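**Student:** Here you go, structure-v4.cif (mmCIF, C-alpha atoms and all ligand atoms):
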```cif
data_model
#
loop_
_atom_site.label_atom_id
_atom_site.label_comp_id
_atom_site.auth_asym_id
_atom_site.auth_seq_id
_atom_site.Cartn_x
_atom_site.Cartn_y
_atom_site.Cartn_z
CA MET X 464 0.00 0.00 0.00
CA LYS X 465 1.42 3.33 -0.98
CA PHE X 466 -0.99 5.70 0.74
CA ARG X 467 -2.69 6.02 4.08
CA TYR X 468 -5.94 7.75 4.97
CA LYS X 469 -5.79 9.26 8.43
CA VAL X 470 -8.29 11.03 10.69
CA ILE X 471 -7.18 13.36 13.47
CA PRO X 472 -10.25 13.69 15.69
CA SER X 473 -8.76 16.43 17.87
CA LEU X 474 -8.76 18.77 14.85
CA CYS X 475 -12.35 18.03 13.80
CA ILE X 476 -14.80 20.83 14.53
CA GLY X 477 -17.86 18.97 13.30
CA CYS X 478 -18.60 21.33 10.42
CA ARG X 479 -19.65 18.36 8.26
CA THR X 480 -18.12 19.82 5.11
CA CYS X 481 -16.72 16.34 4.44
CA GLU X 482 -20.23 14.94 4.35
CA LEU X 483 -21.23 17.41 1.67
CA ALA X 484 -18.03 16.85 -0.29
CA CYS X 485 -18.63 13.10 -0.19
CA ALA X 486 -22.28 13.20 -1.14
CA PHE X 487 -21.68 15.54 -4.05
CA THR X 488 -18.56 13.82 -5.33
CA HIS X 489 -20.42 10.53 -5.52
CA ALA X 490 -23.56 12.07 -6.98
CA LYS X 491 -25.30 10.03 -9.64
CA ASP X 492 -27.75 11.33 -12.21
CA LYS X 493 -26.98 14.80 -10.85
CA LYS X 494 -28.39 13.73 -7.47
CA PRO X 495 -26.18 13.68 -4.38
CA GLY X 496 -26.65 10.50 -2.39
CA ARG X 497 -25.67 9.49 1.10
CA SER X 498 -22.33 10.48 2.55
CA ARG X 499 -19.77 7.82 3.44
CA ILE X 500 -18.25 9.91 6.23
CA TYR X 501 -19.90 11.16 9.40
CA PRO X 502 -18.43 13.45 12.04
CA ILE X 503 -20.06 12.18 15.24
CA ALA X 504 -20.01 14.12 18.52
CA TYR X 505 -18.79 11.88 21.32
CA LYS X 506 -19.23 14.67 23.81
CA LYS X 507 -20.02 18.37 23.65
CA ASP X 508 -18.04 20.03 20.84
CA LYS X 509 -15.79 17.02 20.42
CA TYR X 510 -16.04 15.12 17.19
CA VAL X 511 -14.71 12.03 15.52
CA PRO X 512 -15.04 11.82 11.74
CA VAL X 513 -16.23 8.25 11.33
CA VAL X 514 -15.28 6.78 7.97
CA CYS X 515 -14.22 3.41 6.62
CA LEU X 516 -10.90 2.35 8.12
CA GLN X 517 -10.02 0.14 5.12
CA CYS X 518 -9.18 -2.71 7.54
CA ASP X 519 -6.43 -5.14 6.64
CA ASP X 520 -8.47 -8.25 7.37
CA ALA X 521 -11.78 -6.65 6.48
CA ALA X 522 -15.08 -8.19 7.56
CA CYS X 523 -16.89 -6.65 4.59
CA VAL X 524 -14.60 -8.39 2.11
CA LYS X 525 -14.98 -11.67 3.96
CA SER X 526 -18.74 -11.39 4.18
CA CYS X 527 -19.28 -10.78 0.47
CA LEU X 528 -20.31 -14.02 -1.19
CA PHE X 529 -20.04 -12.43 -4.65
CA ASP X 530 -16.50 -11.02 -4.41
CA ALA X 531 -17.77 -7.53 -5.05
CA LEU X 532 -15.32 -5.97 -2.58
CA LYS X 533 -11.65 -5.80 -3.44
CA ARG X 534 -8.65 -3.86 -2.26
CA ASN X 535 -7.16 -1.37 -4.68
CA GLU X 536 -3.46 -1.78 -3.97
CA GLU X 537 -2.66 1.65 -5.41
CA THR X 538 -4.94 3.70 -3.17
CA GLY X 539 -5.27 1.26 -0.30
CA ALA X 540 -9.05 1.48 -0.47
CA ILE X 541 -11.40 -1.46 -0.42
CA GLU X 542 -13.59 -0.77 -3.41
CA LEU X 543 -17.09 -2.00 -4.01
CA ASN X 544 -17.73 -3.12 -7.56
CA ILE X 545 -21.35 -2.07 -7.82
CA ASP X 546 -21.89 -4.25 -10.90
CA ARG X 547 -21.18 -7.36 -8.87
CA CYS X 548 -23.24 -6.25 -5.88
CA VAL X 549 -26.64 -7.88 -5.41
CA LYS X 550 -27.60 -5.74 -2.39
CA CYS X 551 -27.79 -8.62 0.06
CA GLU X 552 -26.36 -6.21 2.64
CA ALA X 553 -24.08 -8.81 4.17
CA CYS X 554 -21.24 -6.27 4.30
CA VAL X 555 -23.49 -3.67 5.92
CA ALA X 556 -24.32 -6.13 8.66
CA ALA X 557 -20.77 -7.43 8.99
CA CYS X 558 -18.71 -4.22 9.13
CA PRO X 559 -17.83 -3.77 12.81
CA PHE X 560 -17.64 -0.01 12.37
CA GLY X 561 -20.86 0.50 10.42
CA CYS X 562 -19.04 2.00 7.46
CA ALA X 563 -20.65 -0.03 4.70
CA LEU X 564 -23.94 1.74 4.17
CA VAL X 565 -27.17 1.60 2.27
CA ASP X 566 -27.84 4.68 0.17
CA ASP X 567 -31.60 5.01 -0.04
CA VAL X 568 -31.44 7.80 -2.62
CA HIS X 569 -29.86 5.61 -5.27
CA ASP X 570 -30.94 2.33 -3.70
CA GLU X 571 -27.50 0.80 -3.51
CA VAL X 572 -24.81 -0.24 -1.09
CA ILE X 573 -21.97 2.23 -0.71
CA LYS X 574 -18.64 2.43 1.06
CA CYS X 575 -15.68 4.79 1.06
CA ASP X 576 -13.40 4.21 -1.93
CA ILE X 577 -11.07 7.14 -1.14
CA CYS X 578 -12.39 8.64 -4.40
CA GLU X 579 -9.91 6.53 -6.36
CA GLY X 580 -6.97 8.30 -4.81
CA THR X 581 -8.13 11.90 -4.52
CA PRO X 582 -10.44 11.95 -1.50
CA ALA X 583 -12.81 14.91 -1.73
CA CYS X 584 -13.34 15.02 2.04
CA VAL X 585 -9.62 15.55 2.57
CA GLN X 586 -9.52 18.38 0.05
CA PHE X 587 -12.46 20.14 1.64
CA CYS X 588 -11.70 19.62 5.33
CA PRO X 589 -10.97 23.16 6.57
CA THR X 590 -9.05 22.10 9.67
CA LYS X 591 -6.97 19.29 8.11
CA ALA X 592 -8.51 16.73 10.39
CA LEU X 593 -8.52 14.39 7.43
CA VAL X 594 -5.22 13.50 5.85
CA TYR X 595 -4.29 11.30 2.93
CA GLU X 596 -0.59 10.78 2.88
CA LYS X 597 2.15 8.78 1.26
CA ILE X 598 3.79 6.10 3.35
CA MET Z 632 -5.07 -8.58 -25.71
CA VAL Z 633 -7.15 -8.93 -28.86
CA LEU Z 634 -8.30 -6.29 -31.28
CA ILE Z 635 -11.91 -6.24 -32.37
CA GLN Z 636 -13.99 -3.80 -34.33
CA ILE Z 637 -17.23 -2.46 -32.87
CA ASN Z 638 -19.46 -0.30 -35.04
CA GLY Z 639 -16.48 0.64 -37.19
CA LYS Z 640 -14.18 1.48 -34.30
CA MET Z 641 -11.15 -0.58 -33.34
CA VAL Z 642 -11.27 -1.60 -29.69
CA LYS Z 643 -8.91 -3.52 -27.44
CA ALA Z 644 -10.38 -6.41 -25.48
CA HIS Z 645 -9.05 -8.90 -22.95
CA GLU Z 646 -8.56 -12.47 -23.99
CA GLY Z 647 -11.56 -14.61 -23.10
CA GLU Z 648 -13.91 -11.83 -22.12
CA MET Z 649 -17.40 -11.64 -23.54
CA VAL Z 650 -18.38 -9.13 -26.20
CA LEU Z 651 -20.99 -7.58 -23.89
CA SER Z 652 -18.42 -6.62 -21.30
CA VAL Z 653 -16.39 -4.84 -23.98
CA LEU Z 654 -19.53 -3.01 -25.10
CA ARG Z 655 -20.21 -1.95 -21.52
CA ARG Z 656 -16.68 -0.70 -21.07
CA GLU Z 657 -16.88 1.27 -24.30
CA GLY Z 658 -20.16 2.82 -23.21
CA ILE Z 659 -22.14 1.28 -26.06
CA GLU Z 660 -25.65 0.68 -24.87
CA VAL Z 661 -27.19 -2.66 -25.59
CA PRO Z 662 -30.19 -3.85 -23.60
CA ALA Z 663 -29.31 -6.80 -21.39
CA LEU Z 664 -31.76 -7.98 -18.79
CA CYS Z 665 -30.35 -11.27 -17.62
CA ASP Z 666 -26.71 -10.24 -17.40
CA HIS Z 667 -25.12 -9.51 -14.04
CA GLN Z 668 -21.45 -9.51 -13.20
CA ALA Z 669 -21.94 -11.64 -10.14
CA LEU Z 670 -23.32 -14.41 -12.34
CA GLU Z 671 -22.03 -16.55 -15.12
CA PRO Z 672 -23.63 -15.30 -18.35
CA GLY Z 673 -26.90 -17.06 -19.01
CA GLY Z 674 -28.08 -15.90 -22.42
CA SER Z 675 -31.76 -16.19 -21.59
CA CYS Z 676 -33.28 -12.83 -22.40
CA ARG Z 677 -31.68 -12.66 -25.89
CA LEU Z 678 -31.83 -8.87 -25.87
CA CYS Z 679 -28.09 -8.37 -25.99
CA MET Z 680 -28.04 -9.81 -29.51
CA VAL Z 681 -25.44 -8.32 -31.86
CA GLU Z 682 -24.37 -9.03 -35.40
CA ILE Z 683 -20.89 -10.40 -35.93
CA THR Z 684 -18.76 -11.14 -38.94
CA LYS Z 685 -15.12 -11.47 -39.91
CA ALA Z 686 -13.12 -10.24 -42.83
CA ASP Z 687 -12.86 -13.74 -44.32
CA TRP Z 688 -16.53 -14.66 -43.94
CA ASP Z 689 -17.37 -13.51 -47.47
CA GLY Z 690 -19.94 -11.05 -46.20
CA TRP Z 691 -21.79 -13.64 -44.10
CA THR Z 692 -22.96 -12.48 -40.73
CA LYS Z 693 -24.21 -14.20 -37.62
CA ASN Z 694 -26.42 -13.01 -34.79
CA VAL Z 695 -25.16 -13.93 -31.36
CA THR Z 696 -25.94 -13.02 -27.76
CA SER Z 697 -23.07 -10.75 -26.84
CA CYS Z 698 -23.16 -11.79 -23.18
CA LEU Z 699 -22.19 -15.32 -24.19
CA TYR Z 700 -19.84 -14.69 -27.11
CA PRO Z 701 -16.14 -14.52 -26.28
CA VAL Z 702 -14.07 -12.01 -28.20
CA GLU Z 703 -11.64 -13.22 -30.83
CA GLU Z 704 -9.06 -11.47 -32.95
CA GLY Z 705 -10.53 -9.67 -35.93
CA LEU Z 706 -14.16 -9.91 -34.85
CA ILE Z 707 -16.38 -7.27 -36.42
CA VAL Z 708 -19.38 -6.40 -34.27
CA SER Z 709 -22.30 -4.19 -35.08
CA THR Z 710 -24.71 -3.47 -32.28
CA HIS Z 711 -27.31 -1.40 -34.05
CA SER Z 712 -27.58 -2.74 -37.57
CA GLU Z 713 -31.09 -2.91 -39.04
CA GLY Z 714 -31.15 -6.69 -38.64
CA VAL Z 715 -30.20 -6.60 -34.99
CA LEU Z 716 -32.70 -3.88 -34.23
CA GLU Z 717 -35.39 -5.94 -35.91
CA ILE Z 718 -34.55 -8.96 -33.77
CA ARG Z 719 -34.57 -6.85 -30.63
CA ARG Z 720 -37.95 -5.45 -31.55
CA ASN Z 721 -39.29 -8.96 -32.07
CA ILE Z 722 -38.00 -10.13 -28.72
CA LEU Z 723 -39.48 -7.11 -27.02
CA ASP Z 724 -42.74 -7.71 -28.81
CA MET Z 725 -42.86 -11.19 -27.31
CA LEU Z 726 -41.68 -10.08 -23.89
CA LEU Z 727 -44.37 -7.44 -23.91
CA ALA Z 728 -46.96 -10.12 -24.58
CA ARG Z 729 -45.61 -12.18 -21.75
CA CYS Z 730 -45.22 -9.32 -19.26
CA PRO Z 731 -47.79 -6.70 -20.27
CA ASN Z 732 -47.73 -5.08 -16.83
CA SER Z 733 -44.01 -4.80 -16.29
CA ASP Z 734 -42.86 -1.20 -16.39
CA VAL Z 735 -39.28 -2.31 -17.09
CA ILE Z 736 -40.33 -4.17 -20.23
CA GLN Z 737 -42.78 -1.46 -21.27
CA LYS Z 738 -40.10 1.20 -21.06
CA LEU Z 739 -37.54 -0.87 -22.94
CA ALA Z 740 -40.07 -1.74 -25.64
CA GLU Z 741 -41.06 1.88 -26.04
CA GLU Z 742 -37.42 2.89 -26.37
CA HIS Z 743 -37.16 0.44 -29.25
CA GLY Z 744 -40.31 1.64 -30.88
CA VAL Z 745 -42.54 -1.24 -29.84
CA MET Z 746 -45.54 0.58 -28.47
CA LYS Z 747 -47.88 -2.36 -28.33
CA THR Z 748 -47.45 -6.08 -28.65
CA SER Z 749 -48.71 -7.83 -31.75
CA PHE Z 750 -49.43 -11.05 -29.85
CA ASP Z 751 -52.12 -11.94 -27.36
CA THR Z 752 -51.02 -10.92 -23.92
CA LEU Z 753 -50.67 -13.47 -21.18
CA PRO Z 754 -53.60 -13.18 -18.79
CA ASP Z 755 -52.60 -12.64 -15.14
CA SER Z 756 -48.94 -12.44 -16.03
CA ASP Z 757 -46.51 -12.36 -13.14
CA ASN Z 758 -43.96 -10.35 -15.18
CA CYS Z 759 -41.31 -13.05 -14.96
CA ILE Z 760 -39.19 -13.28 -18.13
CA MET Z 761 -37.64 -16.63 -17.15
CA CYS Z 762 -34.10 -15.30 -17.22
CA TYR Z 763 -33.02 -17.46 -14.28
CA ALA Z 764 -31.06 -14.64 -12.67
CA CYS Z 765 -32.69 -15.55 -9.34
CA THR Z 766 -31.89 -19.25 -9.50
CA ARG Z 767 -28.37 -18.52 -10.71
CA VAL Z 768 -27.67 -16.07 -7.92
CA CYS Z 769 -28.96 -18.56 -5.39
CA GLU Z 770 -26.62 -21.13 -6.84
CA VAL Z 771 -23.61 -18.79 -6.65
CA LEU Z 772 -24.53 -18.25 -3.02
CA GLY Z 773 -24.32 -22.00 -2.55
CA LYS Z 774 -27.97 -22.59 -1.73
CA SER Z 775 -30.02 -23.33 -4.85
CA ALA Z 776 -33.22 -22.95 -2.86
CA ILE Z 777 -35.39 -22.16 -5.88
CA SER Z 778 -35.54 -23.54 -9.40
CA ALA Z 779 -37.71 -23.78 -12.49
CA VAL Z 780 -40.61 -26.19 -12.16
CA MET Z 781 -43.01 -27.62 -14.76
CA ARG Z 782 -42.38 -27.62 -18.50
CA GLY Z 783 -43.22 -25.52 -21.53
CA HIS Z 784 -45.50 -22.56 -21.11
CA LYS Z 785 -46.34 -23.65 -17.57
CA LYS Z 786 -42.76 -23.31 -16.45
CA VAL Z 787 -42.30 -21.05 -13.42
CA ILE Z 788 -39.63 -20.29 -10.89
CA ALA Z 789 -40.65 -21.72 -7.55
CA SER Z 790 -39.54 -23.50 -4.45
CA PRO Z 791 -39.72 -27.31 -4.28
CA PHE Z 792 -43.41 -28.30 -4.30
CA GLY Z 793 -44.38 -24.68 -3.77
CA ASP Z 794 -43.65 -24.98 -0.05
CA ALA Z 795 -41.33 -22.81 1.97
CA PRO Z 796 -37.93 -23.69 0.45
CA PRO Z 797 -35.89 -25.50 3.10
CA ASP Z 798 -32.61 -24.06 1.80
CA CYS Z 799 -33.70 -20.43 1.56
CA ILE Z 800 -31.93 -18.14 4.03
CA GLY Z 801 -33.88 -14.97 3.33
CA CYS Z 802 -30.97 -12.97 1.94
CA LEU Z 803 -33.13 -11.28 -0.77
CA SER Z 804 -30.43 -11.67 -3.43
CA CYS Z 805 -32.96 -13.18 -5.83
CA ALA Z 806 -35.42 -10.36 -5.26
CA HIS Z 807 -32.80 -7.67 -5.79
CA ILE Z 808 -31.28 -9.22 -8.89
CA CYS Z 809 -34.61 -9.82 -10.64
CA PRO Z 810 -34.66 -7.45 -13.64
CA THR Z 811 -38.43 -7.12 -13.64
CA ASN Z 812 -38.91 -7.01 -9.86
CA VAL Z 813 -41.16 -10.04 -9.69
CA ILE Z 814 -40.02 -11.56 -6.45
CA LEU Z 815 -41.84 -9.99 -3.57
CA TRP Z 816 -40.87 -9.92 0.05
CA LYS Z 817 -42.00 -8.19 3.17
CA ASP Z 818 -40.23 -7.07 6.33
CA GLU Z 819 -42.65 -6.62 9.17
CA ASN Z 820 -42.45 -6.69 12.97
CA GLY Z 821 -39.02 -8.28 13.03
CA LYS Z 822 -40.01 -10.93 10.50
CA ARG Z 823 -39.12 -11.25 6.84
CA THR Z 824 -41.32 -13.20 4.46
CA ILE Z 825 -40.16 -14.37 1.04
CA TRP Z 826 -41.07 -17.51 -0.95
CA ASN Z 827 -43.73 -18.26 1.69
CA LYS Z 828 -41.04 -18.67 4.27
CA SER Z 829 -40.74 -16.56 7.37
CA PHE Z 830 -37.43 -15.48 8.87
CA ASP Z 831 -36.43 -13.78 12.07
CA LEU Z 832 -34.63 -10.52 11.40
CA ILE Z 833 -31.72 -9.60 13.59
CA THR Z 834 -32.65 -6.59 15.65
CA CYS Z 835 -29.87 -4.30 16.79
CA LYS Z 836 -29.19 -4.92 20.46
CA LYS Z 837 -28.84 -1.17 21.07
CA CYS Z 838 -31.56 0.53 19.04
CA GLY Z 839 -33.72 -2.31 17.77
CA LYS Z 840 -33.23 -1.54 14.08
CA GLU Z 841 -33.78 -4.57 11.87
CA THR Z 842 -30.87 -5.76 9.77
CA ILE Z 843 -30.42 -9.05 7.88
CA SER Z 844 -32.16 -12.34 8.57
CA ARG Z 845 -30.80 -14.54 11.35
CA GLU Z 846 -30.42 -17.47 8.96
CA PHE Z 847 -28.38 -15.38 6.52
CA ALA Z 848 -26.05 -14.26 9.30
CA ASP Z 849 -25.68 -17.86 10.48
CA TYR Z 850 -24.85 -18.92 6.94
CA LEU Z 851 -22.22 -16.17 6.63
CA LEU Z 852 -20.69 -17.21 9.95
CA GLU Z 853 -20.56 -20.79 8.77
CA GLN Z 854 -18.95 -19.82 5.45
CA ARG Z 855 -16.59 -17.08 6.51
CA ASP Z 856 -14.46 -16.37 9.50
CA ILE Z 857 -16.21 -13.32 10.96
CA PRO Z 858 -16.78 -12.69 14.69
CA ALA Z 859 -20.44 -13.41 15.46
CA ASP Z 860 -21.05 -10.28 17.52
CA TYR Z 861 -20.44 -8.04 14.49
CA PHE Z 862 -23.93 -8.96 13.33
CA GLU Z 863 -25.71 -8.06 16.56
CA THR Z 864 -25.51 -4.27 16.24
CA CYS Z 865 -26.81 -2.14 13.39
CA ASP Z 866 -24.53 0.06 11.30
CA ASP Z 867 -25.74 3.30 12.94
CA CYS Z 868 -24.93 2.08 16.43
CA LYS Z 869 -21.60 0.65 15.32
CA ARG Z 870 -20.58 4.07 13.98
CA MET Z 871 -21.53 5.64 17.31
CA GLU Z 872 -19.53 2.98 19.15
CA LEU Z 873 -16.49 3.71 17.01
CA ALA Z 874 -16.82 7.46 17.63
CA PHE Z 875 -17.01 6.96 21.38
CA LYS Z 876 -14.13 4.53 21.40
CA MET Z 877 -11.92 6.83 19.33
CA GLY Z 878 -13.08 9.82 21.33
CA GLY Z 879 -12.00 8.06 24.51
CA LEU Z 880 -8.56 7.45 23.03
CA VAL Z 881 -8.23 11.09 21.96
CA ASP Z 882 -9.19 12.33 25.44
CA GLY Z 883 -6.82 9.84 27.02
CA ALA Z 884 -3.95 11.01 24.82
CA GLU Z 885 -4.70 14.65 25.61
CA GLU Z 886 -4.58 13.99 29.35
CA VAL Z 887 -1.23 12.27 28.99
CA ALA Z 888 0.08 15.26 27.03
CA ILE Z 889 -1.03 17.69 29.73
S1 LIG M 901 -28.03 -10.35 -21.43
FE1 LIG M 901 -27.41 -11.62 -23.01
S2 LIG M 901 -29.13 -12.84 -23.26
FE2 LIG M 901 -29.75 -11.62 -21.59
#
```
I need this file expressed as structure tokens, please.

**Tutor:**
Amino acid sequence: MKFRYKVIPSLCIGCRTCELACAFTHAKDKKPGRSRIYPIAYKKDKYVPVVCLQCDDAACVKSCLFDALKRNEETGAIELNIDRCVKCEACVAACPFGCALVDDVHDEVIKCDICEGTPACVQFCPTKALVYEKI
Amino acid sequence: MVLIQINGKMVKAHEGEMVLSVLRREGIEVPALCDHQALEPGGSCRLCMVEITKADWDGWTKNVTSCLYPVEEGLIVSTHSEGVLEIRRNILDMLLARCPNSDVIQKLAEEHGVMKTSFDTLPDSDNCIMCYACTRVCEVLGKSAISAVMRGHKKVIASPFGDAPPDCIGCLSCAHICPTNVILWKDENGKRTIWNKSFDLITCKKCGKETISREFADYLLEQRDIPADYFETCDDCKRMELAFKMGGLVDGAEEVAI
């Protein structure tokens, strides 16, 4: 893996710009769908941007009976091949961090794919709480 | 790598791949109802028909289903020749007679200029086009709970003897993959019903949200090495859990720093 996606919760101010960036970047038919990243307040004014951790031994990959989820070795992301997905939602149920999601707008399963190497959330995060760096 | 010609344009294709997947990659639209990447190609709907020829075929052409035809060097494909369009219209004409109430078929037929079928329509049609996507997906899953029963025009997709299929795990893959949305299911009061079989849905231990069926989760646990408790909480609550856990770590680290 050549890159690493990193979140720095102490810098997150919960502005949710990343959510917008995500929903609009992955828009389909000119319609923004559901975001793949969520800044969640764990106490007053303290946030953690919750997003797919691209686990090494990922439960989503293991749960998929159709091999729709695969790691992109370039970006490090586990990508969902939507053409192989049958929406059984096994990955949604299996992900221990709740980061495989169902997008009701477009009626499909979604997960963070690091925007194929140029994550929009990272570009838009005003406080640099999200980092995508070379390792 | 092989070189083929599609509608007059030279295109590179991978050895052994089907013509339809090249068409998809090139953004050439060909209707294909029974094709899905999770399945082996089936060739049942016949809509993906294209015309092929080769330089040394003396002008002879052949109509093939592109989802089932592997590419070969020097293949010349035309996807919208008059002959192919005529075949597609005929197929849609027949599908429209079989599934007069299906909006998917109606829309596709209209797009191809078939406004009305020239055959007698099937009374009380269930909109099934017999493409076997449902039985194939169930097979890929390793269950084969449903199959075609009866012969000829009476053939339908059903469970053994019409009873609740013993092998069904309520994963809904068949219902989601069905191109004409024939397979119905219902989630109600923690129960899922499909193919006349009732399943317990897993309810999130924190918020009570319903997720997948218990049988499906058990099957996944049996097939794959996943910790069982991952399935007990819904995705919303798991995100909250992660936030609190990470938040705790952040606070802990800050205290150490001070
Ligand atoms: S997609 Fe080729 S026959 Fe249905």

**Student:** Report as JSON lines: every residue of segment 509-545 of chain X with an atom at most 9 Å from segment 566-574 of chain X, its closest pair of atoms, and their distance in Å to one decimal, counting only C-alpha atoms, with rows sorted by chain and ascending residue number.

**Tutor:**
```
{"residue": "X:Val514", "atom": "CA", "partner": "X:Lys574", "partner_atom": "CA", "distance": 8.8}
{"residue": "X:Cys515", "atom": "CA", "partner": "X:Lys574", "partner_atom": "CA", "distance": 7.2}
{"residue": "X:Ile541", "atom": "CA", "partner": "X:Lys574", "partner_atom": "CA", "distance": 8.4}
{"residue": "X:Glu542", "atom": "CA", "partner": "X:Lys574", "partner_atom": "CA", "distance": 7.5}
{"residue": "X:Leu543", "atom": "CA", "partner": "X:Lys574", "partner_atom": "CA", "distance": 6.9}
{"residue": "X:Ile545", "atom": "CA", "partner": "X:Val572", "partner_atom": "CA", "distance": 7.8}
```

**Student:** Please check the contacts: residues of chain Z at most 9 Å away from chain X, using all atoms listed in the file, listed as a ChimeraX atom specification.

**Tutor:** /Z:667-670,768,771-772,802-805,807-808,842-843,847-848,851-852,854-879,881-882,885

**Student:** Could you report the residues within 7 Å of ligand LIG 901 (chain M), using all atoms listed in the file, as number ranges by chain?

**Tutor:** Z: 663-666, 673-680, 696-699

**Student:** If I take atom CA of Arg499 of chain X and atom CA of Glu536 of chain X, how far is one from the other in Å, to one decimal?

**Tutor:**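 Result for atom CA of Arg499 of chain X versus atom CA of Glu536 of chain X: 20.3 Å, one decimal.
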
**Student:** Find the residue from Z:Ile637, Z:Leu739, Z:Leu726, Z:Val708 that sits nearest to Leu753 of chain Z; use all atoms listed in the file when measuring.

**Tutor:** Z:Leu726

**Student:** Using the atoms already present, construct N, CA and C atoms for segment 486-504 of chain X and hand them back as a short mmCIF file (atom, residue, chain, number, x, y, z; two decimals), keeping the file's coordinate frame.

**Tutor:**
```
data_model
loop_
_atom_site.label_atom_id
_atom_site.label_comp_id
_atom_site.auth_asym_id
_atom_site.auth_seq_id
_atom_site.Cartn_x
_atom_site.Cartn_y
_atom_site.Cartn_z
N ALA X 486 -21.00 13.43 -0.47
CA ALA X 486 -22.28 13.20 -1.14
C ALA X 486 -22.29 13.76 -2.55
N PHE X 487 -21.66 14.93 -2.72
CA PHE X 487 -21.68 15.54 -4.05
C PHE X 487 -20.68 14.89 -5.00
N THR X 488 -19.53 14.47 -4.46
CA THR X 488 -18.56 13.82 -5.33
C THR X 488 -19.11 12.52 -5.89
N HIS X 489 -19.89 11.81 -5.07
CA HIS X 489 -20.42 10.53 -5.52
C HIS X 489 -21.83 10.66 -6.08
N ALA X 490 -22.21 11.87 -6.45
CA ALA X 490 -23.56 12.07 -6.98
C ALA X 490 -23.74 11.24 -8.25
N LYS X 491 -24.97 10.80 -8.44
CA LYS X 491 -25.30 10.03 -9.64
C LYS X 491 -26.54 10.65 -10.24
N ASP X 492 -26.61 10.69 -11.52
CA ASP X 492 -27.75 11.33 -12.21
C ASP X 492 -27.99 12.73 -11.66
N LYS X 493 -26.93 13.44 -11.39
CA LYS X 493 -26.98 14.80 -10.85
C LYS X 493 -27.66 14.86 -9.48
N LYS X 494 -27.76 13.73 -8.79
CA LYS X 494 -28.39 13.73 -7.47
C LYS X 494 -27.38 13.29 -6.42
N PRO X 495 -27.09 14.14 -5.43
CA PRO X 495 -26.18 13.68 -4.38
C PRO X 495 -26.85 12.58 -3.58
N GLY X 496 -26.08 11.60 -3.17
CA GLY X 496 -26.65 10.50 -2.39
C GLY X 496 -26.25 10.62 -0.93
N ARG X 497 -26.01 9.49 -0.30
CA ARG X 497 -25.67 9.49 1.10
C ARG X 497 -24.16 9.64 1.25
N SER X 498 -23.76 10.31 2.31
CA SER X 498 -22.33 10.48 2.55
C SER X 498 -21.75 9.19 3.12
N ARG X 499 -20.44 8.99 2.90
CA ARG X 499 -19.77 7.82 3.44
C ARG X 499 -18.98 8.18 4.69
N ILE X 500 -18.99 9.47 5.04
CA ILE X 500 -18.25 9.91 6.23
C ILE X 500 -19.17 10.70 7.14
N TYR X 501 -19.02 10.49 8.44
CA TYR X 501 -19.90 11.16 9.40
C TYR X 501 -19.10 11.66 10.60
N PRO X 502 -19.01 12.97 10.79
CA PRO X 502 -18.43 13.45 12.04
C PRO X 502 -19.47 13.25 13.15
N ILE X 503 -19.12 12.47 14.16
CA ILE X 503 -20.06 12.18 15.24
C ILE X 503 -19.53 12.79 16.54
N ALA X 504 -20.41 13.50 17.26
CA ALA X 504 -20.01 14.12 18.52
C ALA X 504 -19.99 13.07 19.61
#
```
